[in-house]
Amino acid sequence: MRKKIIAGNWKMNKSFDEGMALVSELSNMIKDEYHGSAEVVIIPPSLYINSISRMTADFANISSGAQNCSNHSSGAYTGEISASMVKSCGGKYIIIGHSERRQYFGETNDWLAKKVDAVLTESLNPIYCVGETLEERESNVHFNVLKAQISEGLFHLSAEQMANVVVAYEPVWAIGTGKTASTEQAQEVHAFIRNLLREKYNETVADHLTIQYGGSVKADNAVELFSAPDIDGALVGGAALQSRSFADIVKAMA
Ligand code: PGA
């Protein structure tokens with residue numbers, strides 16, 4: 001069976017103390033209320049990864065990760081963080097190509113392909129984000145956009161490497177807007193992505209790939225989204241900033 005993953009991306013939110021309080025509440029809620037098979041991934045600002053990975057070390061289904069990393073492994077790149085640094089702090093996942101990185105920091109598919117390599121070199125798992133803008137959906141080019149993001153960012157990988165990749169479909173128009181894609185719209189894209197993998201690699205690779213949905217996921221739409229056959233979890237932004245709302249999304253998977 002495919003791995004189910006619920007990840008909470010805090011973006012640039014929470015002081016250190018607020019973050020630690022959130023993790024402690026959340027891990028207790030998950031321990032008490034949830035005994036499912038989904039992996040819960042906490043993705044705070046990178047400064048907090050080390051503390052969070054220590055705090056959650058006893059929770060087998062909770063891990064942590066970073067929101068971005070450099071494509072370089074080390075060197076004179078002021079302000080950057082490498083995948084090996086994330087690993088040395090206990091992180092396991094790294095989000096690559098979030099639409100905010102693509103939009104505000106000019107990250108291109110070619111550049112992201114190198115970041116994916118950097119993550120895999122450290123035996124960590126990239127969460128590779130794809131998604132179309134509203135304009136692209138309305139002009140009906142969204143499948144072309146998604147195909148380019150997937151093929152240019154990932155198709156240089158071997159089938160063996162693909163086994164460690166997670167894909168997140170996040171329509172840009174649904175991020176932070178309160179507008180979720182309908183379950184039908186999300187399922188359609190997830191099946192499309194899985195089919196691209198089937199054509200490029202094989203049935204096993206396609207079938208094994210965890211594809212998360214992201215964009216205004218809340219506890220009250222999560223149950224329906226998770227009922228779709230190709231939706232294997234969520235990448236959560238706003239609702240991950242409170243323990244109750246995030247824990248309820250985790251419960252929705254159970
Ligand atoms: P949102 O963010 O849940 O606040 O829409 C999702 C994301 O950006 O990953």
# chains A, B, ... in the order shown; residues from 1 in each chain; ligands from 1
$ residues_near_ligand --ligand "ligand 1" --cutoff "8 Å" --atoms "only C-alpha atoms and all ligand atoms" --output "list of chain:residue names"
A:Gly8, A:Asn9, A:Lys11, A:His98, A:Ser99, A:Glu100, A:Glu170, A:Ala174, A:Ile175, A:Gly176, A:Thr177, A:Gly178, A:Thr180, A:Gly214, A:Gly215, A:Ser216, A:Val217, A:Lys218, A:Leu235, A:Val236, A:Gly237, A:Gly238, A:Ala239, A:Ala240
$ write_last_selection --atoms "C-alpha atoms" --output "tab-separated table (two decimals), in the first residue's frame"
chain	number	residue	atom	x	y	z
A	8	GLY	CA	2.35	20.85	7.94
A	9	ASN	CA	4.23	23.71	6.30
A	11	LYS	CA	6.03	28.91	6.17
A	98	HIS	CA	6.68	25.33	-3.40
A	99	SER	CA	4.75	27.81	-5.54
A	100	GLU	CA	5.86	30.66	-3.25
A	170	GLU	CA	-1.00	22.49	-4.99
A	174	ALA	CA	-6.18	27.33	-3.76
A	175	ILE	CA	-3.21	28.22	-1.54
A	176	GLY	CA	-4.14	30.43	1.39
A	177	THR	CA	-7.30	31.55	-0.38
A	178	GLY	CA	-9.86	29.39	1.38
A	180	THR	CA	-10.06	24.27	-2.20
A	214	GLY	CA	-2.37	21.06	-0.88
A	215	GLY	CA	-4.38	24.26	-0.93
A	216	SER	CA	-6.73	25.33	1.88
A	217	VAL	CA	-6.99	21.82	3.36
A	218	LYS	CA	-9.02	21.88	6.58
A	235	LEU	CA	0.46	19.46	2.45
A	236	VAL	CA	-1.17	21.87	4.87
A	237	GLY	CA	-0.34	25.55	5.37
A	238	GLY	CA	-2.68	27.73	7.44
A	239	ALA	CA	-4.41	24.88	9.27
A	240	ALA	CA	-1.02	23.51	10.41
$ residues_around --residues "stretch 120-123 of chain A" --least-positions-apart "6" --cutoff "9 Å" --atoms "only C-alpha atoms" --output "list of chain:residue names"
A:Ala83, A:Ser84, A:Lys87, A:Lys92, A:Gln161, A:Asn164, A:Val165
$ residues_around --residues "A:Arg101" --least-positions-apart "6" --cutoff "12 Å" --atoms "only C-alpha atoms" --output "PyMOL selection string"
chain A and resi 11+67-69+95+107-109+111-112+128-130+172
$ select_by_dssp --residues "stretch 24-61 of chain A" --states "strand (DSSP E)" --output "list in words"
Glu39, Val40, Val41, Ile42 and Ile43 of chain A
$ residues_around --residues "A:Ile231" --least-positions-apart "2" --cutoff "10 Å" --atoms "only C-alpha atoms" --output "list in words"
Lys4, Ala168, Tyr169, Thr183, Ala186, Gln187, Glu188, Val189, His190, Ala191, Thr210, Ile211, Gln212, Tyr213, Leu225, Phe226, Ser227, Ala228, Pro229, Gly233 and Ala234 of chain A
$ closest_residue --among "A:Asp207, A:Ser73, A:Met29, A:Leu241" --to "A:Met12" --atoms "only C-alpha atoms"
A:Leu241
$ residues_around --residues "stretch 13-21 of chain A" --least-positions-apart "2" --cutoff "9 Å" --atoms "only C-alpha atoms" --output "VMD selection string"
chain A and resid 10 to 11 23 to 26 44 to 45 47 to 48 51 to 52 55 241
$ residues_around --residues "A:Leu196" --least-positions-apart "3" --cutoff "9 Å" --atoms "only C-alpha atoms" --output "ChimeraX atom specification"
/A:147,150-151,191-193,199-201,206
$ write_last_selection --atoms "C-alpha atoms" --output "PDB file, in the first residue's frame"
ATOM      1  CA  LYS A 147       3.436  17.957 -17.246  1.00  0.00           C
ATOM      2  CA  ILE A 150       6.843  16.996 -13.431  1.00  0.00           C
ATOM      3  CA  SER A 151       8.987  16.054 -16.423  1.00  0.00           C
ATOM      4  CA  ALA A 191      -4.550  10.523 -11.652  1.00  0.00           C
ATOM      5  CA  PHE A 192      -2.968  12.545 -14.475  1.00  0.00           C
ATOM      6  CA  ILE A 193       0.334  12.828 -12.559  1.00  0.00           C
ATOM      7  CA  GLU A 199       4.270   6.234 -19.010  1.00  0.00           C
ATOM      8  CA  LYS A 200       7.791   7.382 -18.093  1.00  0.00           C
ATOM      9  CA  TYR A 201       8.691   4.583 -15.661  1.00  0.00           C
ATOM     10  CA  ALA A 206       3.401   5.038 -10.471  1.00  0.00           C
TER      11      ALA A 206
END
$ residues_around --residues "A:Tyr93" --least-positions-apart "5" --cutoff "6 Å" --atoms "only C-alpha atoms" --output "PyMOL selection string"
chain A and resi 65+124-126
$ atom_distance --atom1 "atom CA of A:Trp173" --atom2 "atom CA of A:Gln149"
16.6 Å
$ atom_distance --atom1 "atom CA of A:Ile81" --atom2 "atom CA of A:Val40"
22.9 Å
$ atom_distance --atom1 "atom CA of A:Val145" --atom2 "atom CA of A:Met162"
20.3 Å
